[in-house]
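Report on one structure; see the data block that follows.
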Amino acid sequence: MKKVAALLLCLLVSSACREDLKWTAADKKPGPAASPAASPVAAKSADATPLPTAATPVPTRAATGQFKIIYTEMQTQSQHDLAKMLWRHGFPRRQLNILGSVYALPEDITIRVTECKAADGSDILNAFYLRETREIRLCIGFFRSIAMIYYDGTDYVKAIAHAHNVFQFILLHEMGHALIDVLKLPITGKEEDAADQFAIFVLADDLPEKDLPQAIYAAYYFKQSAATRQETYADQHGFSHQRVYNFSCWVYGTGPEHYAYLIDNGYLTQARAVTCREEWQQLKTGWLKLLTPHLKEKTTP
Ligand SMILES: [Zn+2]
């Protein structure tokens with residue numbers, strides 16, 4: 001479905017996009033009593049690797065579209081440092097390498113890590129897919145706000161590592177929007193739900209690397225941050241708590257024997273868990289059917 005040219009697909013409701021959290025001890029928030037999963041990522045304190053300020057294409061096997069990553073120049077040192085941490089973690093090369101080698105894109109999709117400012121100068125805490133320019137825009141202030149959810153006032157490195165996991169899930173959500181657009185995928189129901197499903201699909205199955213803990217980090221983030229959002233019935237997105245249960249249900253459905261702790265920790269109810277296996281299979285079958293015609297192996301001689 002083609003919407004108006006300037007349509008922005010916003011990960012969060014717009015009213016939540018105007019917060020301006022500062023990375024200071026004074027603004028610290030209580031950290032999680034227990035994270036849903038241990039982070040496999042460890043940040044370091046210094047890095048001389050330059051950020052890619054010009055479009056850096058990730059090679060694909062066919063001469064079609066490419067995913068491209070751009071880190072724009074940041075205006076403040078703190079934002080620049082955050083961007084460097086993301087880049088040092090490999091963000092988002094992993095996603096680009098995986099998806100760029102699997103799907104034949106008819107045109108380029110740009111991923112831009114940048115500062116996003118509202119008219120009043122405050123940070124926009126969000127991520128978008130812009131159909132007009134085929135661009136995913138990831139706001140560095142959004143990354144900082146996610147890290148603040150995990151920050152316990154002492155362990156900055158751990159907070160950044162956890163936020164990196166959430167940000168990867170968010171990128172996959174936006175990639176879902178992008179693929180729906182450029183591949184003209186027929187989606188029924190809410191596109192926001194489909195984008196969430198795509199992220200779980202990529203993390204869980206059919207691609208070389210599985211990383212479902214990222215989805216659990218995302219569930220944790222949405223659960224912790226739900227209280228700060230003004231959600232309305234008219235929004236394109238499901239309510240945060242609904243998304244938490246959805247993420248958890250679909251992850252649980254991939255292997256109930258491995259994810260029973262999601263029920264024990266309140267991320268999933270026993271009643272919902274009954275249908276999760278079937279929900280996951282339906283999700284997986286649907287996305288496989290949508291994407292199989294666009295696999296490079298099918299389209300490249
Ligand atoms: Zn979205």
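Going by the structure tokens order, chains are called A, B, ..., each with residues numbered from 1, while ligands are numbered from 1 in the order shown.
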What lies within 7 Å of region 221-225 of chain A using only C-alpha atoms, ignoring chain neighbours under 6 positions off, as JSON, numbers by chain?
{"A": [240, 241, 244]}
Taking only C-alpha atoms and all ligand atoms into account, list the residues no farther than 12 Å from ligand 1, as a compact mmCIF listing (two decimals) with C-alpha atoms, in the first residue's frame.
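In the end it all went to selection_37.txt:
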# COMPACT_ATOMS: atom_id res chain seq x y z
CA LEU A 7 4.97 9.43 5.41
CA LEU A 8 7.24 8.73 8.35
CA LEU A 9 7.08 5.41 10.02
CA CYS A 10 7.78 6.13 13.62
CA LEU A 11 8.82 3.47 16.03
CA LEU A 12 7.20 5.20 18.94
CA VAL A 13 4.26 7.49 19.32
CA SER A 14 5.18 11.04 18.41
CA ASN A 126 13.00 7.80 17.61
CA ALA A 127 13.83 5.81 14.51
CA PHE A 128 12.11 6.19 11.13
CA TYR A 129 11.88 4.78 7.68
CA LEU A 130 11.45 7.51 5.07
CA ILE A 136 16.27 4.49 7.67
CA ARG A 137 17.09 7.23 10.14
CA LEU A 138 18.35 6.23 13.57
CA PHE A 169 16.29 -4.96 17.10
CA ILE A 170 15.00 -1.49 16.28
CA LEU A 171 17.08 -1.39 13.11
CA LEU A 172 15.61 -4.72 12.02
CA HIS A 173 12.12 -3.34 12.65
CA GLU A 174 12.90 -0.40 10.36
CA MET A 175 14.47 -2.77 7.82
CA GLY A 176 11.14 -4.59 7.80
CA HIS A 177 9.44 -1.34 6.79
CA ALA A 178 12.07 -0.78 4.11
CA ILE A 180 7.92 -3.99 2.63
CA LYS A 190 -0.90 -3.31 10.76
CA GLU A 191 2.46 -2.73 9.11
CA GLU A 192 3.96 -1.97 12.52
CA ASP A 193 3.12 -5.47 13.68
CA ALA A 194 4.57 -6.90 10.47
CA ALA A 195 7.81 -4.97 11.04
CA ASP A 196 8.05 -6.36 14.57
CA GLN A 197 7.47 -9.83 13.19
CA PHE A 198 10.16 -9.35 10.57
CA ALA A 199 12.69 -8.47 13.28
CA ASP A 235 -1.71 5.09 17.02
CA GLN A 236 -0.36 2.85 14.28
CA HIS A 237 1.62 0.88 16.84
CA GLY A 238 0.33 -1.57 19.34
CA ARG A 243 4.42 -5.47 21.97
Could you list, as a ChimeraX atom specification, every residue within 12 Å of region 254-258 of chain A, counting only C-alpha atoms and ignoring same-chain residues fewer than 3 positions away?
/A:200-201,203-205,210,212-213,247-251,261-263,268,270,273-284
Non-local contacts of Phe167 (chain A) (10 Å; only C-alpha atoms; under 3 positions in same chain excluded) as a PDB file with N, CA and C atoms, in the first residue's frame:
ATOM      1  N   LEU A  86      28.737   2.855  19.034  1.00  0.00           N
ATOM      2  CA  LEU A  86      27.897   2.026  18.157  1.00  0.00           C
ATOM      3  C   LEU A  86      28.720   1.422  17.031  1.00  0.00           C
ATOM      4  N   PHE A  91      27.944  -1.950  14.764  1.00  0.00           N
ATOM      5  CA  PHE A  91      26.603  -1.553  14.333  1.00  0.00           C
ATOM      6  C   PHE A  91      26.656  -0.736  13.057  1.00  0.00           C
ATOM      7  N   PRO A  92      25.881  -1.043  12.041  1.00  0.00           N
ATOM      8  CA  PRO A  92      25.024  -2.219  11.910  1.00  0.00           C
ATOM      9  C   PRO A  92      25.564  -3.178  10.867  1.00  0.00           C
ATOM     10  N   ALA A 127      13.239   6.348  15.730  1.00  0.00           N
ATOM     11  CA  ALA A 127      13.830   5.809  14.507  1.00  0.00           C
ATOM     12  C   ALA A 127      12.729   5.800  13.456  1.00  0.00           C
ATOM     13  N   LEU A 138      18.218   6.651  12.170  1.00  0.00           N
ATOM     14  CA  LEU A 138      18.352   6.233  13.569  1.00  0.00           C
ATOM     15  C   LEU A 138      18.927   7.396  14.368  1.00  0.00           C
ATOM     16  N   PHE A 142      18.078   8.807  20.610  1.00  0.00           N
ATOM     17  CA  PHE A 142      17.235   7.653  20.942  1.00  0.00           C
ATOM     18  C   PHE A 142      18.094   6.556  21.566  1.00  0.00           C
ATOM     19  N   PHE A 143      19.260   6.332  20.973  1.00  0.00           N
ATOM     20  CA  PHE A 143      20.181   5.335  21.533  1.00  0.00           C
ATOM     21  C   PHE A 143      20.558   5.699  22.970  1.00  0.00           C
ATOM     22  N   ILE A 146      17.733   4.948  25.350  1.00  0.00           N
ATOM     23  CA  ILE A 146      17.629   3.510  25.632  1.00  0.00           C
ATOM     24  C   ILE A 146      18.676   3.108  26.664  1.00  0.00           C
ATOM     25  N   ALA A 147      19.886   3.619  26.484  1.00  0.00           N
ATOM     26  CA  ALA A 147      20.944   3.303  27.448  1.00  0.00           C
ATOM     27  C   ALA A 147      20.571   3.773  28.857  1.00  0.00           C
ATOM     28  N   ALA A 161      26.126  -1.526  26.238  1.00  0.00           N
ATOM     29  CA  ALA A 161      26.059  -2.848  25.597  1.00  0.00           C
ATOM     30  C   ALA A 161      24.616  -3.319  25.477  1.00  0.00           C
ATOM     31  N   HIS A 162      23.833  -3.125  26.534  1.00  0.00           N
ATOM     32  CA  HIS A 162      22.425  -3.527  26.486  1.00  0.00           C
ATOM     33  C   HIS A 162      21.671  -2.684  25.446  1.00  0.00           C
ATOM     34  N   ALA A 163      21.940  -1.389  25.444  1.00  0.00           N
ATOM     35  CA  ALA A 163      21.255  -0.503  24.486  1.00  0.00           C
ATOM     36  C   ALA A 163      21.596  -0.889  23.056  1.00  0.00           C
ATOM     37  N   HIS A 164      22.808  -1.338  22.849  1.00  0.00           N
ATOM     38  CA  HIS A 164      23.214  -1.773  21.510  1.00  0.00           C
ATOM     39  C   HIS A 164      22.345  -2.935  21.036  1.00  0.00           C
ATOM     40  N   ILE A 170      15.707  -2.621  16.876  1.00  0.00           N
ATOM     41  CA  ILE A 170      15.001  -1.485  16.285  1.00  0.00           C
ATOM     42  C   ILE A 170      15.393  -1.307  14.817  1.00  0.00           C
ATOM     43  N   LEU A 171      16.654  -1.477  14.516  1.00  0.00           N
ATOM     44  CA  LEU A 171      17.077  -1.386  13.111  1.00  0.00           C
ATOM     45  C   LEU A 171      16.374  -2.450  12.271  1.00  0.00           C
ATOM     46  N   LEU A 172      16.292  -3.662  12.782  1.00  0.00           N
ATOM     47  CA  LEU A 172      15.612  -4.718  12.023  1.00  0.00           C
ATOM     48  C   LEU A 172      14.137  -4.372  11.815  1.00  0.00           C
ATOM     49  N   HIS A 173      13.509  -3.785  12.812  1.00  0.00           N
ATOM     50  CA  HIS A 173      12.117  -3.335  12.655  1.00  0.00           C
ATOM     51  C   HIS A 173      12.029  -2.348  11.482  1.00  0.00           C
ATOM     52  N   GLN A 214      18.379 -10.497  21.467  1.00  0.00           N
ATOM     53  CA  GLN A 214      18.124  -9.096  21.118  1.00  0.00           C
ATOM     54  C   GLN A 214      16.636  -8.778  21.203  1.00  0.00           C
ATOM     55  N   TYR A 217      15.856  -8.346  24.837  1.00  0.00           N
ATOM     56  CA  TYR A 217      16.278  -7.005  25.263  1.00  0.00           C
ATOM     57  C   TYR A 217      15.249  -5.966  24.843  1.00  0.00           C
ATOM     58  N   ALA A 218      14.741  -6.100  23.626  1.00  0.00           N
ATOM     59  CA  ALA A 218      13.735  -5.142  23.149  1.00  0.00           C
ATOM     60  C   ALA A 218      12.481  -5.229  24.000  1.00  0.00           C
TER      61      ALA A 218
END
Would you mind reading off the distance between CA of Thr228 (chain A) and CA of Asp155 (chain A), one decimal, in Å?
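Result for CA of Thr228 (chain A) versus CA of Asp155 (chain A): 22.6 Å, one decimal.
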So, counting only C-alpha atoms, which residue among A:Thr232, A:Ala219, A:Ala226, A:Lys84 is closest to Tyr267 (chain A)?
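Looking at the shortest contact to Tyr267 (chain A), the residue is A:Ala219.
For the pair CA of Asp81 (chain A) and CA of Ile111 (chain A), the interatomic distance is 18.7 Å.
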Report as a tab-separated table: every residue of region 107-144 of chain A with an atom at most 9 Å from region 65-71 of chain A, its closest pair of atoms, and their distance in Å to one decimal, counting only C-alpha atoms, with rows sorted by chain and ascending residue number.
residue	atom	partner	partner_atom	distance
A:Glu107	CA	A:Gly65	CA	3.9
A:Asp108	CA	A:Gly65	CA	4.2
A:Ile109	CA	A:Phe67	CA	4.9
A:Thr110	CA	A:Lys68	CA	4.7
A:Ile111	CA	A:Ile69	CA	4.8
A:Arg112	CA	A:Ile70	CA	4.7
A:Val113	CA	A:Tyr71	CA	4.8
A:Thr114	CA	A:Tyr71	CA	6.2
In Å to one decimal, how far is CA of Tyr103 (chain A) from CA of Thr292 (chain A)?
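Computing it gives 8.6 Å between the two atoms.
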Region 49-277 of chain A: residues DSSP assigns to helix (DSSP H, G or I), reported as a PyMOL selection string
chain A and resi 77-88+93-102+140-150+156-182+191-204+213-228+240-254+261-264+270-277
With only C-alpha atoms as the basis for distance, which of A:Ser145, A:Thr133, A:Gln77, A:Gln168 is at the shortest distance from Arg94 (chain A)?
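Smallest separation from Arg94 (chain A) among the options: A:Gln168.
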Tell me which of A:Val157, A:Ala271, A:Cys139, A:Val202 sits closest to Ala118 (chain A), counting only C-alpha atoms.
A:Cys139
